[in-house]
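Engineer: Below is the structure I would like to discuss, written out as structure tokens.
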Amino acid sequence: MAENVDPQAAGPVSGPVCDSPRFHKRCSDLIKQIGKYHAEAGSPKPFGEEDGSWTVAVCRGGSGDGSVYYKSTILHLYLFGYELPDTLLLISSDRKVTVLTTKKKIEFLKSLQDKRPKDSDLEVSFLQKNKADGNASNFGQCLAGAHGDNLGHVDPKGREEGVFAEGWTSALKSAGKSLSDVTSPISLVMSVKDQSEHETMKKAAVLTNKIFKLSFIPKMESVIDEGRKVSHEAIADHVEEAIQDPSKVKLKVPPDDVESCFTPIIQSGGDYSLKVSAASSSSPLSFDVIIASVGARYQSYCASMTRTYMVDPPPLVTATYDLLVDVQNACMDVMRPGNPLSNVRRTAVQTLKEKGREDLVKLLPKNLGFAMGLDYRDSELLLNDKNPILFRANMVFCLHLGFQNVPLTADDLKGVSPKADVSKLRNFSVAVADTYRIRAIDIDSGDNGPELFTKATKNGTEVVYEINTKEEDESSDSDGGSIDGSDSGSDAPKGSEADADGKRKSSRLAADKDAKADVVESAVQRAQRQMDLLRKKNEQRLREIARKNRGGEEEEEEEEAQELECYGKGEDMPASVLPNQVTCDMAKECVIVPISGTPVPFHISTIKSVVMPDPDRATYLRINFHSGGAAIGKDVPANMAKLIERHSPFATFIKELTFRSLTKANLEHSYRQINELRKRARQREQKEAEESNLVAQEKLRRSKEGKVPRLSDLTMRPALGKGRKTIGTLEAHENGLRFRSNKGDSVDIIYQNIKNALFQPCDNELMVLIHFNLKNPIMVGQKKHANVQFYTEVVEASEQVDTSRRSMYDPDEMDQEQRERQLRKRLNEAFKDFCKKVENTMNKAGSKKEFDIPYRDLGFHGTPNKEMCFIMPTLNCLVNLTESPPFLVDLSMVDHVHFERVNFTSKAFDIVIVNKDFSKQPWRVDMIPNTDKDNLQNWLTDMDIPYTEGPMALNWKQIMAEVVQDDRFYLDTEEDEVTPKPAGWGFLIMDDEEEGDGDEDDDEESDYSQESEESEEMSEEGSDSGFDDESESESDYDGDEDLEEEGMDWDEMEKEAMVSDKKRAREAAEQERKERGNAKK
């Protein structure tokens, strides 16, 4: 949202902050592009001097409602991050920047001088406004330093208002200066977005999607279902209120960061306009062809979307809409870097001609879209057939297509119910619009098409509503009409009907059979999308493997086994060693044992175990050694395992030694020393293994200027040291975070090492927390960890419950609940504020990260470890951060997801998440309720993650071992390159045809048919079974399902029992006849 800097609030200490590095970079880009524009212009130059010097003056007048999209406002937001009313900005070719404004605003902009980047050569100077002379001296000084009599500017229509702007205009006239428009090069610079701008526009697109899904569509459907008369303006106001208050669409976004790009445009009833300046009329919504356009701004960046919804449409309307979507896809395909903007409309025209619909070319708008960002519609970058400007990577465009006023004849409406509003139309319009980012050309990935930001569905089956059909009208006329032809007194609204119980049933409700068919169709579309994803994933992984092979990455050479040596020579053994005594040398890590009176040393890593059997008259000590000829266990030291493999083919091993002594003191002492030595050696080896692959981290640079962002009284997981909890303070410094415990221990987390940062509020949770998933593990205590978490508990995980009864109106309990709510709110605000400060610090350090927040609405219950917990997705992860240990899956590392135990008998299923690194075992989440399966599969499809499902649990350890060894895993042929095989994870796709041969089912079906024939003979003549119209090929499963839903009354069960008794009697008689026949033989 365009923000004005309040002169009374924008002080140097509190208030907004101007981003100096961003200003210097963007201003340098502007100077470079304007200089290029000036150099390419002919002679005489449109502005500036012939020698190449020039000055651009941007005067921003007073703030007003209509000034949001003024170019001066857009330029202020682009450079300063805020709108500065009554400010004059001069930019010159000699890289001098002058700002004339108030004292308070100069203090706000002072960082442009004080914190100028080392690589910037811009000279920024300030002039303070002087009300005494109406800024005459300041204007004169600005004009004296300007190059040439013709200055560049960005206000060709002269829309700037206010005393300050009028004073500047008068000064220009007095000095004989003229102005020339330089909007074109400035628009070109601002059209190429950086990463932070892309992320902001993505959020604006998410907001737009949510507005459509949770505000406009429910409102439209309720109006259609209830048959109410609601004006287009009223619906537009309802949608705009949701934009102004994002909490209405379940988004926790500060309202100050959000506003509408334009008043929502709702059109129907044959009165359509596809212009950007169209407006919603006061006429009521007509249930025919509805066009809705919504745009939202987030932190001043725009995103917009248009969708068409059709109610009871004739075939021509749906066919025209489907053609429009095809044209949009064709246009989208040419929006690539290097192609001219004019190609978009030319492609649309060519596609229509190829489809044989040249009659629709004249109904296309002249402009099929525009560049957008801080400006909703950049008039310099329009998608028309005359614009020669080329697409550049990271531009963002709104592609807006439509056909306006398509004729609709009586023949086209033949199959439409007379009750449908669409039957009154004589022309209709259809339109779709989306926001796209132009991707950079990537030869390896092969996918260079634009990235879609607004992802609300435009599938034909999802935007069509069937309310009135001609068949229903005919049946109602024959069955329920009155003598005079009027309705039978029903007050049901249009678009609804009464069921047997007298309840209103809308065709848009899920209980309707058409809605069920839509659900099935949606599942089919999801399956088709998954097949495409699986194919694309195979191709992508093949390219990754090819790049890896081209890069010549070699596997790390395995370290050779080191021979064990306790002493270089016999004299090095301790002098205290006795010839008939077992001794431990703790320094050399060896055990010296007597063999035939000679002390022989054995390294501690050769000892497998040491045992002291129960003594009789003597004490025994048995030492077992690692030896060849047997399986090597996991507890064998790595170096010893290599030595066994090296020497086992030809060497002789000592398996065990037993020592006997009449006095037990020495052997007991040796037994304790050997166990202690083995423990030390094992701990040392574990520590070396832990630290072997640690990556050296950058040293933390502590902040020395300003107030350090800090959170106190946090608990850290994992804990430092041996204590149950580690409580301390988390601080954000220049290049990393430092946690200092109350006991003086510290842990540093460098920003560059953070892979995912997550913030989980304490809404519906026991704690509020910040979680960091690291690229490279760090040592915390004695172990390395890749996940570090800091949290504060709102309430104790376990509380003592009083046995006494308490009233629900107990004032103490109500006060306690109120205090808890206030505590939750304070903690959420404190943690959120800390996260924002950390994000700003990380951006300054060059590590652009944002804290992800879990989406609780998409969560599900499952068991990733040992306990059932609630798992939630974020933008980049799938997490449960509350339980210990935390569960976190980085979606960028997911290769495939498989659903196990998917069948009709189980109430839960499991998912297996396969890592791209096949050497690692997959993640598992067990016991997920079946009710979450569709939502989970929809989410995976939206995240472009392929999945498969099957009825059984698989042995993934064995599968992964085979996959690692298969060099042709992602190829669709065997090694002979002829024999076909499933590519990648395609072998996991469940084949319904292989589930059973069905021979036994056929026998059972024949018995059932015989029973059913007999039961029909026993039925009453006047009864209507309801099965007459059913197809003979209908499955038994459907019959069982109907039976379960409807059940049988006592009469039906009695008839079935009679049929069963007769069948048994007939079988007994047949058996008796056979026995008599055998007896006669």
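If you're wondering about the labels, chains in the structure tokens are A, B, ... by order shown, residues count from 1 in each chain, ligands from 1 in order shown.
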What are the DSSP strand (DSSP E or B) residues of stretch 6-219 of chain A, as an MDAnalysis selection string?
Structural biologist: chainID A and resid 55:60 83 87:92 96:101 123:128 150:153 178:181 192
Engineer: Please extract the residues of stretch 759-1006 of chain A with a backbone DSSP assignment of alpha helix (DSSP H) and present them as JSON, numbers by chain.
Structural biologist: {"A": [811, 812, 813, 814, 815, 816, 817, 818, 819, 820, 821, 822, 823, 824, 825, 826, 827, 828, 829, 830, 831, 832, 833, 834, 835, 836, 837, 838, 839, 840, 841, 842, 843, 844, 933, 934, 935, 936, 937, 938, 939, 940, 941, 942, 956, 957, 958, 959, 960, 961, 962, 963, 964, 965, 999, 1000, 1001, 1002, 1003, 1004, 1005, 1006]}
Engineer: For A:Asp333, find every residue with an atom within 9 Å (counting only C-alpha atoms), except residues of its own chain fewer than 5 positions away, and show them as a list in words.
Structural biologist: Gln328, Val344, Asn448, Gly449 and Pro450 of chain A
Engineer: Write out as JSON lines the residues of stretch 247-311 of chain A that have any atom within 12 Å of an atom of stretch 53-75 of chain A, one row each with the nearest atom pair and its distance in Å to one decimal, counting only C-alpha atoms, sorted by chain and then rising number.
Structural biologist:
```
{"residue": "A:Glu259", "atom": "CA", "partner": "A:Val68", "partner_atom": "CA", "distance": 11.0}
{"residue": "A:Ser260", "atom": "CA", "partner": "A:Val68", "partner_atom": "CA", "distance": 11.0}
{"residue": "A:Cys261", "atom": "CA", "partner": "A:Val68", "partner_atom": "CA", "distance": 9.5}
{"residue": "A:Phe262", "atom": "CA", "partner": "A:Val68", "partner_atom": "CA", "distance": 10.7}
{"residue": "A:Arg297", "atom": "CA", "partner": "A:Val68", "partner_atom": "CA", "distance": 11.3}
{"residue": "A:Ser300", "atom": "CA", "partner": "A:Ile74", "partner_atom": "CA", "distance": 9.0}
{"residue": "A:Tyr301", "atom": "CA", "partner": "A:Ile74", "partner_atom": "CA", "distance": 10.1}
{"residue": "A:Cys302", "atom": "CA", "partner": "A:Tyr69", "partner_atom": "CA", "distance": 11.0}
```
Engineer: Considering only C-alpha atoms, return as an MDAnalysis selection string whatever protein or nucleic-acid residues lie within 9 Å of A:Met612, sequence-local ones (same chain, fewer than 6 positions apart) excluded.
Structural biologist: chainID A and resid 619:623 667:668 671
Engineer: What's around A:Cys835 at 12 Å? Count only C-alpha atoms, leave out sequence neighbours fewer than 4 positions away in its own chain, and write the answer as a list in words.
Structural biologist: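 Contacts, in chain order: Pro709, Arg710, Leu711, Leu730, Glu731, Ala732, Leu737, Ala757, Leu758, Phe759, Gln760, Pro761, Leu769, Ile770, His771, Phe772, Asn828, Glu829, Ala830, Phe831, Glu839, Asn840, Thr841, Met842, Lys849, Glu850, Phe851, Asp852 and Ile853 of chain A.
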Engineer: Could you pull the residues within 10 Å of A:Arg437, counting only C-alpha atoms, minus those fewer than 6 positions along the same chain, as an MDAnalysis selection string?
Structural biologist: chainID A and resid 192:193 198 201:202 335:336 371 392:398 449:453
Engineer: Kindly save the residues from that selection, with N, CA, C and O atoms included, as a tab-separated table (two decimals), in the first residue's frame.
Structural biologist:
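What landed in again-v4.tsv:
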```tsv
chain	number	residue	atom	x	y	z
A	192	VAL	N	11.42	-4.88	-14.54
A	192	VAL	CA	12.23	-6.06	-14.20
A	192	VAL	C	12.33	-6.13	-12.68
A	192	VAL	O	12.93	-5.27	-12.04
A	193	LYS	N	11.73	-7.16	-12.11
A	193	LYS	CA	11.61	-7.27	-10.65
A	193	LYS	C	12.76	-8.09	-10.06
A	193	LYS	O	13.25	-9.04	-10.68
A	198	HIS	N	9.39	-10.20	-6.39
A	198	HIS	CA	8.65	-11.40	-6.80
A	198	HIS	C	7.91	-12.01	-5.63
A	198	HIS	O	6.73	-12.39	-5.74
A	201	MET	N	4.88	-9.95	-4.79
A	201	MET	CA	3.81	-10.10	-5.76
A	201	MET	C	3.15	-11.47	-5.65
A	201	MET	O	1.95	-11.63	-5.92
A	202	LYS	N	3.94	-12.49	-5.28
A	202	LYS	CA	3.34	-13.80	-5.03
A	202	LYS	C	2.33	-13.73	-3.90
A	202	LYS	O	1.25	-14.34	-3.95
A	335	MET	N	5.32	-15.90	-24.25
A	335	MET	CA	5.81	-14.90	-23.28
A	335	MET	C	7.13	-15.38	-22.69
A	335	MET	O	7.22	-15.84	-21.56
A	336	ARG	N	8.18	-15.26	-23.51
A	336	ARG	CA	9.52	-15.71	-23.15
A	336	ARG	C	10.52	-14.60	-23.43
A	336	ARG	O	10.30	-13.78	-24.33
A	371	ALA	N	2.13	-4.80	-18.31
A	371	ALA	CA	3.08	-5.05	-17.22
A	371	ALA	C	2.50	-4.46	-15.94
A	371	ALA	O	1.78	-3.47	-15.96
A	392	ARG	N	11.60	-9.40	-21.08
A	392	ARG	CA	12.84	-9.63	-20.33
A	392	ARG	C	12.54	-10.55	-19.15
A	392	ARG	O	11.42	-10.57	-18.63
A	393	ALA	N	13.56	-11.28	-18.75
A	393	ALA	CA	13.40	-12.17	-17.60
A	393	ALA	C	13.03	-11.36	-16.37
A	393	ALA	O	13.54	-10.26	-16.15
A	394	ASN	N	12.11	-11.91	-15.57
A	394	ASN	CA	11.67	-11.35	-14.29
A	394	ASN	C	10.72	-10.17	-14.44
A	394	ASN	O	10.45	-9.48	-13.47
A	395	MET	N	10.23	-9.93	-15.66
A	395	MET	CA	9.09	-9.02	-15.79
A	395	MET	C	7.83	-9.73	-15.30
A	395	MET	O	7.75	-10.96	-15.29
A	396	VAL	N	6.82	-8.95	-14.91
A	396	VAL	CA	5.54	-9.51	-14.47
A	396	VAL	C	4.44	-8.86	-15.29
A	396	VAL	O	4.38	-7.63	-15.40
A	397	PHE	N	3.58	-9.71	-15.89
A	397	PHE	CA	2.51	-9.22	-16.76
A	397	PHE	C	1.17	-9.79	-16.31
A	397	PHE	O	1.09	-10.89	-15.76
A	398	CYS	N	0.13	-9.01	-16.60
A	398	CYS	CA	-1.24	-9.50	-16.50
A	398	CYS	C	-1.71	-9.80	-17.92
A	398	CYS	O	-1.81	-8.88	-18.75
A	449	GLY	N	8.55	-21.50	-19.84
A	449	GLY	CA	7.32	-20.74	-19.90
A	449	GLY	C	7.17	-19.86	-18.68
A	449	GLY	O	7.87	-20.01	-17.68
A	450	PRO	N	6.25	-18.91	-18.73
A	450	PRO	CA	6.07	-17.99	-17.59
A	450	PRO	C	5.52	-18.71	-16.37
A	450	PRO	O	4.84	-19.73	-16.48
A	451	GLU	N	5.83	-18.16	-15.21
A	451	GLU	CA	5.35	-18.73	-13.95
A	451	GLU	C	4.01	-18.09	-13.60
A	451	GLU	O	3.87	-16.87	-13.56
A	452	LEU	N	3.02	-18.95	-13.34
A	452	LEU	CA	1.67	-18.48	-13.01
A	452	LEU	C	1.60	-18.13	-11.53
A	452	LEU	O	1.89	-18.95	-10.67
A	453	PHE	N	1.19	-16.89	-11.23
A	453	PHE	CA	1.03	-16.46	-9.84
A	453	PHE	C	-0.40	-16.70	-9.34
A	453	PHE	O	-0.60	-17.12	-8.21
```
Engineer: Excluding A:Ser180 and residues on its chain fewer than 3 positions from it, collect all residues at most 7 Å away from it, counting only C-alpha atoms, and give them as a PyMOL selection string.
Structural biologist: chain A and resi 46-47+150-153
